[in-house]
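Peer 1: The structure is given below, and queries will be raised subsequently.
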Amino acid sequence: MEGEVFFEFVQLGQQMRVAAIDVDSGTEVIVIAPVNTARGHMQQLALAKLRKKLAETQPTPPSGTLGKYA
């Protein structure tokens, strides 16, 4: 994942809702953390979750047919 990512931080009582959004695909993930957690840690967690989700949604190449001509 090399594209741009937007982060949104919204405080909900004693919790912080962090959204990470991949600009290219529009894929969004949400994490909830205690409000006193370091902002950088919340951002790293959201980014890791986004990367995992993007990796799961990428199509896998067909096996056994690469490099052969018809």
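Letters A, B, ... go to the chains of the structure tokens in the order shown; residues in each chain start at 1; ligands are counted from 1 in the same order.
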Would you list the contacts of Met16 (chain A) as a PyMOL selection string, taking every protein, DNA or RNA residue within 9 Å and counting only C-alpha atoms, but skipping same-chain residues closer than 3 positions in sequence?

Peer 2: chain A and resi 9-13+31-37+42

Peer 1: Between CA of Ala38 (chain A) and CA of Val23 (chain A), what is the spacing in Å?

Peer 2: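 Between CA of Val23 (chain A) and CA of Ala38 (chain A) the gap is 24.1 Å.
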
Peer 1: Among chain A, which residues does DSSP mark as helix (DSSP H, G or I) when it is run on the backbone? Keep the chain and numbering as in the structure and answer as a PyMOL selection string.

Peer 2: chain A and resi 39-57

Peer 1: Just the residues within 9 Å of Glu8 (chain A), please, counting only C-alpha atoms, with nothing from its chain fewer than 5 positions along; format it as a PyMOL selection string.

Peer 2: chain A and resi 17-21
